[in-house]
Structures are given as C-alpha cells and as structure tokens.
>>> print(open('target.cif').read())   # mmCIF, C-alpha atoms; chains and numbers go by the auth columns
data_work
loop_
_atom_site.group_PDB
_atom_site.id
_atom_site.type_symbol
_atom_site.label_atom_id
_atom_site.label_comp_id
_atom_site.label_asym_id
_atom_site.label_seq_id
_atom_site.Cartn_x
_atom_site.Cartn_y
_atom_site.Cartn_z
_atom_site.B_iso_or_equiv
_atom_site.auth_seq_id
_atom_site.auth_asym_id
ATOM 1 C CA MET A 1 -10.979 3.610 7.206 0.00 149 A
ATOM 2 C CA LYS A 2 -9.078 5.263 4.356 0.00 150 A
ATOM 3 C CA ALA A 3 -5.459 6.413 4.573 0.00 151 A
ATOM 4 C CA LEU A 4 -5.012 10.158 4.136 0.00 152 A
ATOM 5 C CA SER A 5 -3.033 11.419 1.145 0.00 153 A
ATOM 6 C CA THR A 6 -1.677 14.930 0.659 0.00 154 A
ATOM 7 C CA VAL A 7 -0.034 15.888 -2.630 0.00 155 A
ATOM 8 C CA GLN A 8 2.970 18.043 -1.738 0.00 156 A
ATOM 9 C CA VAL A 9 4.450 18.570 -5.225 0.00 157 A
ATOM 10 C CA GLU A 10 3.103 17.921 -8.700 0.00 158 A
ATOM 11 C CA ASN A 11 4.804 19.060 -11.873 0.00 159 A
ATOM 12 C CA GLU A 12 5.707 17.720 -15.307 0.00 160 A
ATOM 13 C CA ARG A 13 8.247 15.252 -13.842 0.00 161 A
ATOM 14 C CA VAL A 14 7.032 14.038 -10.420 0.00 162 A
ATOM 15 C CA ILE A 15 4.144 13.677 -8.011 0.00 163 A
ATOM 16 C CA VAL A 16 5.147 13.729 -4.329 0.00 164 A
ATOM 17 C CA THR A 17 2.454 12.528 -1.921 0.00 165 A
ATOM 18 C CA LYS A 18 2.560 12.136 1.854 0.00 166 A
ATOM 19 C CA TRP A 19 0.472 9.186 3.050 0.00 167 A
ATOM 20 C CA SER A 20 -0.720 8.947 6.669 0.00 168 A
ATOM 21 C CA PHE A 21 -2.315 5.764 7.992 0.00 169 A
ATOM 22 C CA PRO A 22 -4.027 5.764 11.386 0.00 170 A
ATOM 23 C CA PRO A 23 -4.114 2.228 12.862 0.00 171 A
ATOM 24 C CA GLY A 24 -6.233 0.005 10.608 0.00 172 A
ATOM 25 C CA ALA A 25 -6.350 2.501 7.721 0.00 173 A
ATOM 26 C CA GLU A 26 -5.826 1.340 4.143 0.00 174 A
ATOM 27 C CA THR A 27 -5.349 2.726 0.644 0.00 175 A
ATOM 28 C CA GLY A 28 -7.961 0.514 -0.991 0.00 176 A
ATOM 29 C CA ASP A 29 -7.176 -1.562 -4.058 0.00 177 A
ATOM 30 C CA HIS A 30 -5.195 0.413 -6.632 0.00 178 A
ATOM 31 C CA VAL A 31 -2.731 0.045 -9.513 0.00 179 A
ATOM 32 C CA HIS A 32 0.325 2.279 -9.758 0.00 180 A
ATOM 33 C CA GLY A 33 0.386 4.230 -13.016 0.00 181 A
ATOM 34 C CA HIS A 34 3.997 5.396 -12.619 0.00 182 A
ATOM 35 C CA ASP A 35 7.330 4.084 -11.407 0.00 183 A
ATOM 36 C CA TYR A 36 7.665 5.208 -7.789 0.00 184 A
ATOM 37 C CA VAL A 37 9.893 5.508 -4.729 0.00 185 A
ATOM 38 C CA VAL A 38 8.612 5.202 -1.155 0.00 186 A
ATOM 39 C CA VAL A 39 10.395 6.879 1.765 0.00 187 A
ATOM 40 C CA PRO A 40 9.015 5.636 5.116 0.00 188 A
ATOM 41 C CA LEU A 41 8.762 8.330 7.785 0.00 189 A
ATOM 42 C CA THR A 42 8.008 5.818 10.539 0.00 190 A
ATOM 43 C CA THR A 43 9.077 2.296 11.385 0.00 191 A
ATOM 44 C CA GLY A 44 6.542 -0.525 11.447 0.00 192 A
ATOM 45 C CA THR A 45 4.677 -3.181 9.506 0.00 193 A
ATOM 46 C CA LEU A 46 2.314 -2.742 6.576 0.00 194 A
ATOM 47 C CA ARG A 47 0.118 -5.496 5.167 0.00 195 A
ATOM 48 C CA LEU A 48 0.024 -5.806 1.379 0.00 196 A
ATOM 49 C CA VAL A 49 -2.962 -7.529 -0.189 0.00 197 A
ATOM 50 C CA GLU A 50 -1.925 -8.568 -3.696 0.00 198 A
ATOM 51 C CA SER A 51 -3.313 -10.899 -6.358 0.00 199 A
ATOM 52 C CA SER A 52 -0.702 -13.474 -5.268 0.00 200 A
ATOM 53 C CA GLY A 53 -1.791 -13.312 -1.615 0.00 201 A
ATOM 54 C CA VAL A 54 -1.219 -11.356 1.573 0.00 202 A
ATOM 55 C CA ARG A 55 2.157 -10.463 3.026 0.00 203 A
ATOM 56 C CA ASP A 56 3.415 -8.269 5.841 0.00 204 A
ATOM 57 C CA VAL A 57 6.433 -6.038 5.206 0.00 205 A
ATOM 58 C CA GLU A 58 8.661 -4.437 7.818 0.00 206 A
ATOM 59 C CA LEU A 59 9.639 -0.867 6.943 0.00 207 A
ATOM 60 C CA THR A 60 12.201 1.338 8.663 0.00 208 A
ATOM 61 C CA ALA A 61 12.091 5.131 8.804 0.00 209 A
ATOM 62 C CA GLY A 62 14.372 6.435 6.038 0.00 210 A
ATOM 63 C CA GLY A 63 14.717 2.994 4.369 0.00 211 A
ATOM 64 C CA SER A 64 13.570 3.845 0.840 0.00 212 A
ATOM 65 C CA TYR A 65 12.572 1.388 -1.883 0.00 213 A
ATOM 66 C CA ALA A 66 11.466 1.632 -5.543 0.00 214 A
ATOM 67 C CA ARG A 67 8.840 -0.195 -7.621 0.00 215 A
ATOM 68 C CA LEU A 68 7.845 -0.176 -11.291 0.00 216 A
ATOM 69 C CA THR A 69 4.603 0.884 -12.929 0.00 217 A
ATOM 70 C CA GLY A 70 1.786 -1.655 -12.670 0.00 218 A
ATOM 71 C CA VAL A 71 2.069 -2.736 -9.039 0.00 219 A
ATOM 72 C CA ALA A 72 -1.466 -3.603 -7.856 0.00 220 A
ATOM 73 C CA HIS A 73 -2.301 -3.904 -4.159 0.00 221 A
ATOM 74 C CA ASN A 74 -4.092 -2.629 -1.074 0.00 222 A
ATOM 75 C CA VAL A 75 -1.857 -1.312 1.729 0.00 223 A
ATOM 76 C CA ILE A 76 -3.070 -1.634 5.341 0.00 224 A
ATOM 77 C CA ASN A 77 -1.508 -0.296 8.546 0.00 225 A
ATOM 78 C CA ILE A 78 -1.519 -3.191 11.028 0.00 226 A
ATOM 79 C CA ASN A 79 0.441 -1.262 13.689 0.00 227 A
ATOM 80 C CA ASP A 80 -1.107 0.182 16.839 0.00 228 A
ATOM 81 C CA HIS A 81 0.408 3.554 15.884 0.00 229 A
ATOM 82 C CA GLU A 82 0.084 5.875 12.897 0.00 230 A
ATOM 83 C CA PHE A 83 2.316 4.983 9.959 0.00 231 A
ATOM 84 C CA SER A 84 3.389 7.454 7.277 0.00 232 A
ATOM 85 C CA PHE A 85 5.523 7.595 4.176 0.00 233 A
ATOM 86 C CA VAL A 86 6.287 9.859 1.238 0.00 234 A
ATOM 87 C CA GLU A 87 5.632 8.448 -2.229 0.00 235 A
ATOM 88 C CA ILE A 88 7.489 9.955 -5.196 0.00 236 A
ATOM 89 C CA GLU A 89 5.980 9.023 -8.559 0.00 237 A
ATOM 90 C CA LEU A 90 8.114 9.519 -11.677 0.00 238 A
ATOM 91 C CA LYS A 91 6.199 10.721 -14.743 0.00 239 A
#
>>> encode(input="target.cif", output="structure tokens")
Amino acid sequence: MKALSTVQVENERVIVTKWSFPPGAETGDHVHGHDYVVVPLTTGTLRLVESSGVRDVELTAGGSYARLTGVAHNVININDHEFSFVEIELK
C-alpha cells in the first residue's frame, strides 16, 4: 500500500508535502533530489530500507530533522496507527 502525499505549497524556493501513512503503507524506493526537513505530526516508528540495510527510527511529533540531497530509501509505517509528517524540500 502506498503512502498518500499532498503537495501543500510549491514555489521557486520550496516544496511542502504532507505525507500520510496508514499502517503498513510505504513510499516506495526513492532518492531525494533536494535538501529537506521533516516535521513529524505524530509519534511512532518508521522503518527505513536503505542500501546499507534496514533500521527502525523513533520519531516524536514536532521533533524535526534535516537531510541532504541524495538520500535513497523506502519509508514504511510499522505502527498500528496512521503516521504523518510534513516534508519541506529546499530548491
């Protein structure tokens, strides 16, 4: 099952997307083309499938983090509840 993405803002400087993951939903393999910031809206655990292996990360609502262009992974919601976050990509 695919995670649902809704672009909220897109202009010459940023792309702001809300991601919603029902239990078991995933993004699919992808590579980030921009530096980005993630702002979790819920608290829980996401599974990251990366070339180096699989790892589970605990995220807390409001606990933002940033990553650089080129991150490649698949993100999977392993919680028994919906998980959501806002992703802000910097052009």
>>> closest_atom_pairs(input="target.cif", of="region 219-238 of chain A", to="region 188-202 of chain A", cutoff="6 Å", atoms="all atoms listed in the file", output="Markdown table")
| residue | atom | partner | partner_atom | distance |
| --- | --- | --- | --- | --- |
| A:His221 | CA | A:Glu198 | CA | 4.7 |
| A:Asn222 | CA | A:Val197 | CA | 5.1 |
| A:Val223 | CA | A:Leu196 | CA | 4.9 |
| A:Ile224 | CA | A:Arg195 | CA | 5.0 |
| A:Asn225 | CA | A:Leu194 | CA | 4.9 |
| A:Ile226 | CA | A:Leu194 | CA | 5.9 |
| A:Phe231 | CA | A:Thr190 | CA | 5.8 |
| A:Ser232 | CA | A:Leu189 | CA | 5.5 |
| A:Phe233 | CA | A:Pro188 | CA | 4.1 |
>>> write_last_selection(input="target.cif", atoms="C-alpha atoms", output="PDB file, in the coordinates of the input")
ATOM      1  CA  HIS A 221      -2.301  -3.904  -4.159  1.00  0.00           C
ATOM      2  CA  ASN A 222      -4.092  -2.629  -1.074  1.00  0.00           C
ATOM      3  CA  VAL A 223      -1.857  -1.312   1.729  1.00  0.00           C
ATOM      4  CA  ILE A 224      -3.070  -1.634   5.341  1.00  0.00           C
ATOM      5  CA  ASN A 225      -1.508  -0.296   8.546  1.00  0.00           C
ATOM      6  CA  ILE A 226      -1.519  -3.191  11.028  1.00  0.00           C
ATOM      7  CA  PHE A 231       2.316   4.983   9.959  1.00  0.00           C
ATOM      8  CA  SER A 232       3.389   7.454   7.277  1.00  0.00           C
ATOM      9  CA  PHE A 233       5.523   7.595   4.176  1.00  0.00           C
TER      10      PHE A 233
END
>>> atom_distance(input="target.cif", atom1="CA of Lys239 (chain A)", atom2="CA of Val164 (chain A)")
10.9 Å
>>> resolve_selection(input="target.cif", expression="the PyMOL selection byres ((chain A and resi 161) around 12)", output="PyMOL selection string")
chain A and resi 157-160+162-164+182-184+236-239
>>> atom_distance(input="target.cif", atom1="CA of Glu206 (chain A)", atom2="CA of Gln156 (chain A)")
25.1 Å
>>> resolve_selection(input="target.cif", expression="the PyMOL selection byres ((chain A and resi 186) around 6)", output="list in words")
Val185, Val187, Ser212, Tyr213, Val234 and Glu235 of chain A
>>> axis_aligned_box(input="target.cif", around="region 161-176 of chain A", padding_each_side="4 Å", output="JSON")
{"center_x": 0.1, "center_y": 7.6, "center_z": -0.5, "size_x": 24.2, "size_y": 23.2, "size_z": 34.7}
>>> residues_around(input="target.cif", residues="Leu152 (chain A)", least_positions_apart="5", cutoff="9 Å", atoms="all atoms listed in the file", output="mmCIF file with C-alpha atoms, in the coordinates of the input")
data_model
loop_
_atom_site.group_PDB
_atom_site.id
_atom_site.type_symbol
_atom_site.label_atom_id
_atom_site.label_comp_id
_atom_site.auth_asym_id
_atom_site.auth_seq_id
_atom_site.Cartn_x
_atom_site.Cartn_y
_atom_site.Cartn_z
ATOM 1 C CA LYS A 166 2.560 12.136 1.854
ATOM 2 C CA TRP A 167 0.472 9.186 3.050
ATOM 3 C CA SER A 168 -0.720 8.947 6.669
ATOM 4 C CA PHE A 169 -2.315 5.764 7.992
ATOM 5 C CA PRO A 170 -4.027 5.764 11.386
ATOM 6 C CA ALA A 173 -6.350 2.501 7.721
ATOM 7 C CA GLU A 174 -5.826 1.340 4.143
ATOM 8 C CA THR A 175 -5.349 2.726 0.644
#
>>> resolve_selection(input="target.cif", expression="the PyMOL selection byres ((chain A and resi 220) around 6)", output="count of residues only")
4
>>> closest_residue(input="target.cif", among="A:Met149, A:Thr165, A:Pro171, A:Thr154", to="Asn227 (chain A)", atoms="all atoms listed in the file")
A:Pro171
>>> atom_distance(input="target.cif", atom1="CA of Gly181 (chain A)", atom2="CA of Thr217 (chain A)")
5.4 Å
